[in-house]
>>> print(open('upload_28.csv').read())   # CSV, C-alpha atoms and all ligand atoms
chain,number,residue,atom,x,y,z
L,1,MET,CA,52.1,72.6,91.6
L,2,THR,CA,54.2,71.1,88.9
L,3,ASP,CA,58.0,70.8,89.0
L,4,THR,CA,60.6,73.2,87.9
L,5,GLN,CA,61.2,71.2,84.7
L,6,ALA,CA,57.6,71.6,83.4
L,7,LEU,CA,56.9,72.3,79.8
L,8,ASN,CA,54.3,74.6,78.3
L,9,ARG,CA,52.8,71.7,76.3
L,10,GLN,CA,51.3,70.3,79.6
L,11,PHE,CA,49.0,73.3,79.6
L,12,GLU,CA,48.1,73.7,75.9
L,13,LYS,CA,44.4,73.1,76.4
L,14,TYR,CA,44.2,76.7,77.8
L,15,ASP,CA,45.6,78.4,74.7
L,16,GLN,CA,43.0,80.6,72.9
L,17,VAL,CA,45.4,81.4,70.0
L,18,ARG,CA,47.7,79.1,68.1
L,19,LYS,CA,51.0,78.3,69.9
L,20,THR,CA,53.1,75.6,68.4
L,21,HIS,CA,56.4,75.7,70.1
L,22,THR,CA,57.6,73.9,73.2
L,23,TYR,CA,59.6,75.5,76.0
L,24,ARG,CA,60.5,74.8,79.6
L,25,LEU,CA,58.8,77.2,81.9
L,26,ALA,CA,61.9,78.1,83.9
L,27,GLU,CA,65.4,78.9,82.8
L,28,ASN,CA,67.5,75.8,82.6
L,29,ASP,CA,71.2,74.9,82.0
L,30,SER,CA,70.4,73.3,78.7
L,31,ASP,CA,68.7,76.5,77.3
L,32,GLU,CA,70.3,78.2,74.3
L,33,PHE,CA,70.6,81.9,73.9
L,34,ASP,CA,70.4,83.9,70.7
L,35,ASP,CA,73.1,86.6,71.1
L,36,ASP,CA,72.9,87.8,67.5
L,37,TYR,CA,69.2,88.8,67.4
L,38,GLU,CA,68.7,92.5,68.2
L,39,ILE,CA,65.2,93.5,69.2
L,40,ALA,CA,64.4,96.8,67.4
L,41,THR,CA,64.7,100.1,69.2
L,42,LEU,CA,62.5,102.7,67.6
L,43,ASP,CA,61.9,106.4,68.2
L,44,PHE,CA,58.2,106.9,68.8
L,45,ALA,CA,58.3,110.7,68.5
L,46,PRO,CA,57.9,110.8,64.7
L,47,PHE,CA,54.6,108.9,65.0
L,48,LEU,CA,53.4,111.1,68.0
L,49,HIS,CA,54.3,114.4,66.5
L,50,GLY,CA,55.2,114.0,62.8
L,51,GLY,CA,53.4,114.2,59.5
L,52,ALA,CA,51.7,111.4,57.5
L,53,ASN,CA,55.0,110.1,56.0
L,54,GLU,CA,56.8,109.9,59.3
L,55,ARG,CA,53.8,108.2,60.9
L,56,GLN,CA,53.7,105.7,58.0
L,57,ARG,CA,57.4,105.0,58.3
L,58,PHE,CA,57.2,104.3,62.0
L,59,ALA,CA,54.1,102.1,61.6
L,60,GLU,CA,55.9,100.0,59.1
L,61,GLU,CA,59.0,99.6,61.2
L,62,PHE,CA,57.0,98.9,64.3
L,63,GLY,CA,54.9,96.4,62.5
L,64,THR,CA,57.9,94.6,61.1
L,65,ALA,CA,59.5,94.3,64.6
L,66,LEU,CA,56.3,93.0,66.2
L,67,HIS,CA,55.6,90.6,63.3
L,68,GLU,CA,59.1,89.1,63.7
L,69,ILE,CA,59.4,88.7,67.4
L,70,GLY,CA,56.4,90.4,69.1
L,71,PHE,CA,58.6,92.9,70.9
L,72,ALA,CA,60.0,96.3,70.3
L,73,VAL,CA,61.7,99.0,72.4
L,74,LEU,CA,60.4,102.6,72.1
L,75,THR,CA,62.3,105.8,72.9
L,76,GLY,CA,60.8,109.2,72.3
L,77,HIS,CA,57.5,108.3,74.1
L,78,GLY,CA,57.4,111.5,76.1
L,79,VAL,CA,57.3,110.0,79.6
L,80,ASP,CA,59.9,111.6,82.0
L,81,PRO,CA,62.4,108.9,83.2
L,82,ALA,CA,62.3,110.5,86.6
L,83,LEU,CA,58.8,109.2,87.0
L,84,TYR,CA,60.2,105.6,86.4
L,85,ASP,CA,62.7,106.2,89.2
L,86,GLU,CA,59.9,107.3,91.5
L,87,MET,CA,57.8,104.2,90.6
L,88,HIS,CA,60.9,101.9,91.1
L,89,ASP,CA,61.3,103.3,94.6
L,90,GLY,CA,57.6,103.1,95.2
L,91,VAL,CA,57.5,99.3,94.4
L,92,HIS,CA,60.4,98.7,96.7
L,93,ASP,CA,58.7,100.6,99.5
L,94,LEU,CA,55.3,98.9,99.0
L,95,PHE,CA,56.7,95.4,99.1
L,96,THR,CA,59.2,95.9,101.9
L,97,SER,CA,57.2,98.1,104.3
L,98,THR,CA,53.9,96.3,104.1
L,99,SER,CA,53.7,93.3,106.4
L,100,LEU,CA,52.8,89.9,105.0
L,101,ALA,CA,49.6,89.8,107.1
L,102,GLN,CA,48.5,93.1,105.5
L,103,LYS,CA,49.4,92.0,102.0
L,104,MET,CA,47.4,88.8,102.5
L,105,LEU,CA,44.3,90.9,103.2
L,106,PHE,CA,44.5,91.9,99.5
L,107,ARG,CA,45.1,88.4,98.1
L,108,ALA,CA,44.3,88.3,94.4
L,109,HIS,CA,40.9,87.2,93.1
L,110,ARG,CA,39.0,87.8,89.9
L,111,HIS,CA,37.6,91.3,89.2
L,112,GLY,CA,35.9,91.0,85.8
L,113,SER,CA,38.6,89.5,83.7
L,114,VAL,CA,41.6,90.4,85.8
L,115,SER,CA,43.0,88.5,88.8
L,116,GLN,CA,43.5,91.6,91.0
L,117,GLY,CA,45.4,91.8,94.2
L,118,TYR,CA,48.5,90.4,95.9
L,119,PHE,CA,50.3,87.3,94.8
L,120,PRO,CA,52.7,85.8,97.4
L,121,LEU,CA,56.1,84.5,96.6
L,122,GLU,CA,55.9,81.2,94.6
L,123,GLU,CA,52.1,81.8,94.1
L,124,THR,CA,52.1,84.0,91.0
L,125,SER,CA,50.4,81.0,89.3
L,126,GLU,CA,49.3,77.5,90.3
L,127,ILE,CA,51.6,75.9,87.8
L,128,HIS,CA,55.1,77.0,88.8
L,129,PRO,CA,56.9,78.2,92.0
L,130,ASP,CA,58.2,81.6,90.8
L,131,LEU,CA,60.5,83.6,93.0
L,132,VAL,CA,58.5,86.8,92.7
L,133,GLU,CA,55.9,88.7,94.7
L,134,GLY,CA,53.4,90.5,92.6
L,135,TRP,CA,50.5,92.9,93.0
L,136,VAL,CA,48.0,93.7,90.2
L,137,TRP,CA,45.4,96.5,89.9
L,138,CYS,CA,42.9,97.1,87.1
L,139,ARG,CA,41.2,100.3,86.3
L,140,ARG,CA,38.6,99.9,89.0
L,141,ALA,CA,41.4,100.3,91.7
L,142,PHE,CA,42.3,103.8,90.6
L,143,ASP,CA,40.5,107.1,91.2
L,144,ILE,CA,40.3,107.9,87.5
L,145,PRO,CA,37.3,108.4,85.1
L,146,GLN,CA,35.1,105.3,84.7
L,147,GLU,CA,31.6,104.0,85.4
L,148,ARG,CA,31.1,103.2,89.1
L,149,GLU,CA,28.2,101.9,91.1
L,150,LEU,CA,29.7,103.2,94.4
L,151,PRO,CA,32.1,106.1,95.2
L,152,PHE,CA,35.8,105.2,95.0
L,153,ARG,CA,37.5,104.1,98.2
L,154,ALA,CA,41.2,103.6,98.0
L,155,GLU,CA,41.2,101.4,101.1
L,156,ASP,CA,39.2,98.8,99.2
L,157,PHE,CA,42.2,98.1,97.0
L,158,TRP,CA,45.4,99.5,98.7
L,159,PRO,CA,47.1,98.9,102.0
L,160,ARG,CA,47.7,102.7,102.2
L,161,ALA,CA,45.8,105.3,100.2
L,162,GLU,CA,49.0,107.1,99.3
L,163,TYR,CA,50.0,104.1,97.1
L,164,GLU,CA,47.0,104.7,94.9
L,165,ARG,CA,48.0,108.3,94.5
L,166,HIS,CA,51.6,107.3,93.8
L,167,PHE,CA,50.9,104.7,91.2
L,168,ARG,CA,48.0,106.6,89.6
L,169,ARG,CA,50.7,108.9,88.2
L,170,LEU,CA,52.1,106.0,86.2
L,171,VAL,CA,48.7,105.1,84.9
L,172,LEU,CA,48.0,108.7,83.9
L,173,ALA,CA,51.4,108.9,82.2
L,174,HIS,CA,50.8,105.7,80.2
L,175,GLU,CA,47.2,106.0,79.4
L,176,PRO,CA,47.7,108.7,76.7
L,177,LEU,CA,50.0,106.2,74.9
L,178,PHE,CA,47.4,103.5,74.6
L,179,LYS,CA,45.7,104.8,71.5
L,180,PRO,CA,48.8,106.0,69.6
L,181,ILE,CA,50.5,102.6,70.2
L,182,ALA,CA,47.3,100.8,69.0
L,183,GLN,CA,47.0,103.2,66.1
L,184,ALA,CA,50.6,102.5,65.0
L,185,ILE,CA,50.1,98.8,65.3
L,186,PHE,CA,46.8,98.8,63.2
L,187,GLN,CA,48.4,101.2,60.6
L,188,GLY,CA,51.3,98.8,60.3
L,189,LEU,CA,48.8,96.0,59.6
L,190,GLY,CA,47.1,98.1,56.9
L,191,VAL,CA,43.9,98.3,59.0
L,192,ASP,CA,42.1,101.6,59.9
L,193,PRO,CA,44.3,103.0,62.6
L,194,HIS,CA,41.3,104.2,64.6
L,195,ILE,CA,39.4,101.0,64.6
L,196,TYR,CA,39.9,100.5,68.4
L,197,ASP,CA,39.7,104.1,69.5
L,198,ARG,CA,36.3,103.7,71.1
L,199,LYS,CA,37.3,100.4,72.8
L,200,LEU,CA,40.4,102.0,74.2
L,201,THR,CA,38.7,105.1,75.6
L,202,ASP,CA,38.8,104.7,79.4
L,203,THR,CA,39.6,101.1,78.8
L,204,ASN,CA,40.6,98.4,81.3
L,205,PHE,CA,44.2,97.5,82.1
L,206,GLY,CA,46.3,95.6,84.6
L,207,LEU,CA,49.1,97.3,86.3
L,208,ARG,CA,51.4,94.7,87.7
L,209,LEU,CA,54.1,95.5,90.2
L,210,ASN,CA,56.7,92.8,90.5
L,211,TYR,CA,59.2,92.5,93.4
L,212,TYR,CA,61.9,89.8,93.0
L,213,PRO,CA,63.6,89.5,96.3
L,214,PRO,CA,67.3,88.5,96.5
L,215,MET,CA,67.6,84.8,96.1
L,216,SER,CA,69.1,82.5,98.8
L,217,GLU,CA,71.7,80.0,97.7
L,218,GLU,CA,69.1,77.3,98.1
L,219,GLN,CA,66.6,79.1,95.9
L,220,ASP,CA,69.4,79.7,93.4
L,221,ARG,CA,70.0,75.9,93.2
L,222,SER,CA,66.3,74.9,93.3
L,223,GLY,CA,65.8,75.5,89.5
L,224,ALA,CA,62.8,77.8,90.2
L,225,GLY,CA,63.0,80.9,87.9
L,226,ARG,CA,62.2,84.5,88.8
L,227,LEU,CA,59.1,84.3,86.5
L,228,LEU,CA,57.9,81.4,84.4
L,229,GLY,CA,57.7,81.5,80.6
L,230,HIS,CA,54.3,82.8,79.5
L,231,GLU,CA,52.5,84.8,76.9
L,232,ASP,CA,50.6,88.0,77.9
L,233,VAL,CA,46.9,87.7,77.4
L,234,ASP,CA,46.4,91.4,76.5
L,235,LEU,CA,46.4,93.6,73.4
L,236,PHE,CA,49.9,94.8,74.3
L,237,THR,CA,52.0,95.4,77.3
L,238,ILE,CA,53.9,98.6,78.2
L,239,LEU,CA,57.0,97.7,80.3
L,240,PRO,CA,59.3,100.5,81.4
L,241,ALA,CA,62.9,99.3,81.0
L,242,THR,CA,64.1,97.8,84.3
L,243,ARG,CA,67.3,98.7,86.2
L,244,THR,CA,68.2,95.0,86.5
L,245,ASP,CA,68.0,92.9,83.4
L,246,GLY,CA,66.7,89.3,83.3
L,247,LEU,CA,63.8,89.5,80.7
L,248,GLN,CA,64.2,86.7,78.1
L,249,VAL,CA,62.2,86.6,74.9
L,250,TRP,CA,61.6,83.5,72.7
L,251,ASN,CA,62.8,83.8,69.1
L,252,HIS,CA,60.6,81.4,67.2
L,253,ARG,CA,63.0,81.5,64.2
L,254,SER,CA,66.2,80.5,66.0
L,255,ARG,CA,64.3,78.6,68.7
L,256,LYS,CA,66.6,80.3,71.3
L,257,TRP,CA,66.0,82.9,74.0
L,258,VAL,CA,67.0,86.5,73.4
L,259,LYS,CA,68.1,88.6,76.4
L,260,MET,CA,66.3,91.9,76.5
L,261,ARG,CA,68.6,94.9,76.8
L,262,ALA,CA,66.5,98.0,76.8
L,263,PRO,CA,68.1,101.4,77.7
L,264,TYR,CA,66.8,102.8,81.0
L,265,GLY,CA,64.0,105.3,80.3
L,266,SER,CA,62.8,103.4,77.2
L,267,ILE,CA,59.6,101.3,77.2
L,268,VAL,CA,59.3,97.8,75.9
L,269,ILE,CA,56.1,97.0,74.0
L,270,ASN,CA,55.0,93.4,73.3
L,271,THR,CA,51.9,92.1,71.7
L,272,GLY,CA,49.6,89.6,73.6
L,273,ASP,CA,47.0,87.0,72.9
L,274,TYR,CA,44.2,89.5,72.2
L,275,MET,CA,46.3,91.0,69.5
L,276,GLN,CA,47.4,87.7,68.0
L,277,ARG,CA,43.7,86.8,67.9
L,278,ILE,CA,42.4,89.9,66.2
L,279,SER,CA,45.4,90.1,63.8
L,280,ASN,CA,44.7,86.6,62.6
L,281,ASP,CA,48.2,85.4,63.8
L,282,ARG,CA,50.0,88.2,62.0
L,283,LEU,CA,51.4,89.6,65.3
L,284,PRO,CA,52.5,86.8,67.7
L,285,SER,CA,51.9,86.7,71.4
L,286,THR,CA,55.5,85.9,72.2
L,287,THR,CA,56.7,83.8,75.1
L,288,HIS,CA,58.9,85.6,77.6
L,289,ARG,CA,60.2,84.9,81.2
L,290,VAL,CA,62.5,86.4,83.8
L,291,GLY,CA,65.8,84.6,84.5
L,292,LYS,CA,68.8,85.5,86.5
L,293,PRO,CA,70.4,88.8,85.7
L,294,SER,CA,73.7,88.9,83.7
L,295,ASP,CA,75.6,90.6,86.6
L,296,GLY,CA,74.7,87.8,89.1
L,297,SER,CA,73.1,90.4,91.4
L,298,HIS,CA,70.1,88.0,92.1
L,299,LEU,CA,71.9,86.7,95.2
L,300,SER,CA,72.3,90.2,96.8
L,301,ALA,CA,69.7,92.6,95.3
L,302,ALA,CA,66.0,92.7,94.5
L,303,ARG,CA,64.7,93.3,91.0
L,304,VAL,CA,61.7,95.5,90.4
L,305,SER,CA,59.4,95.8,87.3
L,306,PHE,CA,56.0,97.4,86.6
L,307,PRO,CA,54.4,96.2,83.4
L,308,MET,CA,51.0,97.5,82.3
L,309,ALA,CA,48.8,95.3,80.3
L,310,VAL,CA,46.2,97.0,78.0
L,311,TYR,CA,42.9,95.2,77.8
L,312,VAL,CA,39.4,95.9,76.4
L,313,TRP,CA,36.4,95.8,78.7
L,314,GLU,CA,34.9,92.4,79.5
L,315,ASP,CA,31.8,92.8,77.2
L,316,GLU,CA,33.7,93.8,74.1
L,317,ILE,CA,34.0,91.3,71.3
L,318,LEU,CA,37.4,90.2,70.0
L,319,GLU,CA,37.1,89.6,66.3
L,320,VAL,CA,39.6,89.2,63.5
L,321,LEU,CA,40.2,92.7,62.0
L,322,PRO,CA,38.9,93.3,58.4
L,323,GLY,CA,41.3,92.7,55.5
L,324,LEU,CA,43.6,90.2,57.2
L,325,GLY,CA,42.4,87.1,55.3
L,326,GLU,CA,40.0,84.3,56.1
L,327,PRO,CA,39.5,84.5,59.9
L,328,LYS,CA,41.2,81.7,61.7
L,329,TYR,CA,39.2,82.4,64.8
L,330,PRO,CA,35.5,83.1,65.5
L,331,PRO,CA,34.5,86.2,67.4
L,332,VAL,CA,34.6,85.8,71.2
L,333,LYS,CA,33.6,87.9,74.2
L,334,ALA,CA,36.7,89.4,75.9
L,335,ILE,CA,35.9,88.0,79.3
L,336,THR,CA,35.5,84.5,77.9
L,337,PHE,CA,38.7,84.7,76.0
L,338,HIS,CA,40.7,86.2,78.8
L,339,THR,CA,39.5,83.9,81.6
L,340,ARG,CA,39.7,80.7,79.6
L,341,SER,CA,43.3,81.6,78.8
L,342,THR,CA,44.3,82.6,82.3
L,343,SER,CA,42.6,79.7,84.0
L,344,LYS,CA,45.9,78.1,83.0
L,345,PHE,CA,47.5,80.0,85.9
L,346,TYR,CA,44.5,80.4,88.3
L,347,GLY,CA,42.6,77.1,88.0
L,348,ASP,CA,39.8,75.8,85.8
L,349,ASP,CA,37.1,77.5,87.9
L,350,TYR,CA,38.6,80.9,86.9
L,351,ALA,CA,37.0,80.6,83.4
L,352,VAL,CA,33.8,82.6,82.9
L,353,GLU,CA,31.7,81.4,79.9
L,354,SER,CA,29.5,83.9,78.1
L,355,ALA,CA,25.9,84.0,79.1
U,401,FE,FE,54.5,89.0,80.6
>>> encode(input="upload_28.csv", output="structure tokens", more="lines below")
Ligand SMILES: [Fe+2]
Amino acid sequence: MTDTQALNRQFEKYDQVRKTHTYRLAENDSDEFDDDYEIATLDFAPFLHGGANERQRFAEEFGTALHEIGFAVLTGHGVDPALYDEMHDGVHDLFTSTSLAQKMLFRAHRHGSVSQGYFPLEETSEIHPDLVEGWVWCRRAFDIPQERELPFRAEDFWPRAEYERHFRRLVLAHEPLFKPIAQAIFQGLGVDPHIYDRKLTDTNFGLRLNYYPPMSEEQDRSGAGRLLGHEDVDLFTILPATRTDGLQVWNHRSRKWVKMRAPYGSIVINTGDYMQRISNDRLPSTTHRVGKPSDGSHLSAARVSFPMAVYVWEDEILEVLPGLGEPKYPPVKAITFHTRSTSKFYGDDYAVESA
């Protein structure tokens, strides 16, 4: 475990796409914030329901936002905000009513590419003591369409079967957005919008539930952050806006952190390493982290979030898309790319090299 002053540069050997900036993993008193930059908020409805011109206009605006900072906020996505309230309550219930002994029965380990299962407090990664408990499930942990060798058994993945039914509703609400989001991104790049339609049919994902307990005064002073600075390894992430703020996004132009302020009910979309790779660096995998909330509630209240990372299956090849110039990267199998990159967090033996 490294110290709370650690820099990302200490781990650059794991990067599978170009990352040139330097940042401290946890929030620090010397950090600067960019209060002027506004992350774009866009209405997704014209792309979902509109004609060719409306789709094109949205794709261009979305593409501009993602190119600039790798993040955009979407309204008009069609998911009922009441569902997010129920998920919020479900995360609270899961983490506070499951004993630590029971949680530890589901300790995270690698399932294909994804480190799936429970991550205890301060053990989200091996490189930084973050003040968060997490729990991750990939597609295999849900009773939804997919290839299986054995019948689905909720108890293999969940402390109580009712949690699978509860959080499956979030998966089923978000899955219909995977292709439209990808299509808008590809259209914005001037690439065939449907180029990943097959790859994204019944694709893999990682649903991560995060529970940030209230901090003690000692933890508050320790310098540990709520979640270390990192880049997502995926194509893109769908993050429903949280009730408690704290998400900070690195602005590579100003070299300052931007505090995310997304209206409740909206979803935050950010591009990850897979997308930076296949877009030939046109869309950045932007660094983000979770710091203390602006209202100071970290000493008295928990924070909850439930981001969903969209992946392709392990055997798919990640290759620079056509028409985006001389490829800066060779084609790579998704599992190789994914596990090399995330062995930064889970240890060198996490990496799976292609056969
Ligand atoms: Fe993230």
>>> residues_near_ligand(input="upload_28.csv", ligand="ligand FE 401 (chain U)", cutoff="7 Å", atoms="all atoms listed in the file", output="PyMOL selection string")
chain L and resi 230-232+288
>>> residues_around(input="upload_28.csv", residues="Asn280 in chain L", least_positions_apart="2", cutoff="7 Å", atoms="all atoms listed in the file", output="PyMOL selection string")
chain L and resi 276-278+282+320+324+327-328
>>> residues_around(input="upload_28.csv", residues="Leu227 in chain L", least_positions_apart="6", cutoff="8 Å", atoms="only C-alpha atoms", output="VMD selection string")
chain L and resid 26 130 to 132 289 to 291
>>> residues_around(input="upload_28.csv", residues="range 152-166 of chain L", least_positions_apart="2", cutoff="9 Å", atoms="all atoms listed in the file", output="PDB file with C-alpha atoms, in the coordinates of the input")
ATOM      1  CA  GLU L  86      59.900 107.300  91.500  1.00  0.00           C
ATOM      2  CA  MET L  87      57.800 104.200  90.600  1.00  0.00           C
ATOM      3  CA  GLY L  90      57.600 103.100  95.200  1.00  0.00           C
ATOM      4  CA  LEU L  94      55.300  98.900  99.000  1.00  0.00           C
ATOM      5  CA  THR L  98      53.900  96.300 104.100  1.00  0.00           C
ATOM      6  CA  GLN L 102      48.500  93.100 105.500  1.00  0.00           C
ATOM      7  CA  LYS L 103      49.400  92.000 102.000  1.00  0.00           C
ATOM      8  CA  LEU L 105      44.300  90.900 103.200  1.00  0.00           C
ATOM      9  CA  PHE L 106      44.500  91.900  99.500  1.00  0.00           C
ATOM     10  CA  GLN L 116      43.500  91.600  91.000  1.00  0.00           C
ATOM     11  CA  GLY L 117      45.400  91.800  94.200  1.00  0.00           C
ATOM     12  CA  TRP L 137      45.400  96.500  89.900  1.00  0.00           C
ATOM     13  CA  ARG L 140      38.600  99.900  89.000  1.00  0.00           C
ATOM     14  CA  ALA L 141      41.400 100.300  91.700  1.00  0.00           C
ATOM     15  CA  PHE L 142      42.300 103.800  90.600  1.00  0.00           C
ATOM     16  CA  ASP L 143      40.500 107.100  91.200  1.00  0.00           C
ATOM     17  CA  ARG L 148      31.100 103.200  89.100  1.00  0.00           C
ATOM     18  CA  LEU L 150      29.700 103.200  94.400  1.00  0.00           C
ATOM     19  CA  ARG L 168      48.000 106.600  89.600  1.00  0.00           C
ATOM     20  CA  ARG L 169      50.700 108.900  88.200  1.00  0.00           C
ATOM     21  CA  LEU L 170      52.100 106.000  86.200  1.00  0.00           C
TER      22      LEU L 170
END
>>> residues_near_point(input="upload_28.csv", point="(38.6, 100.3, 86.0)", cutoff="8 Å", atoms="only C-alpha atoms", output="PyMOL selection string")
chain L and resi 138-142+144+146-147+202-205
>>> closest_residue(input="upload_28.csv", among="L:Phe58, L:Phe71, L:Tyr23, L:Phe306", to="Glu38 in chain L", atoms="only C-alpha atoms")
L:Phe71
>>> atom_distance(input="upload_28.csv", atom1="CA of Pro176 in chain L", atom2="CA of Thr75 in chain L")
15.4 Å
>>> atom_distance(input="upload_28.csv", atom1="CA of Lys19 in chain L", atom2="CA of Ala351 in chain L")
19.6 Å
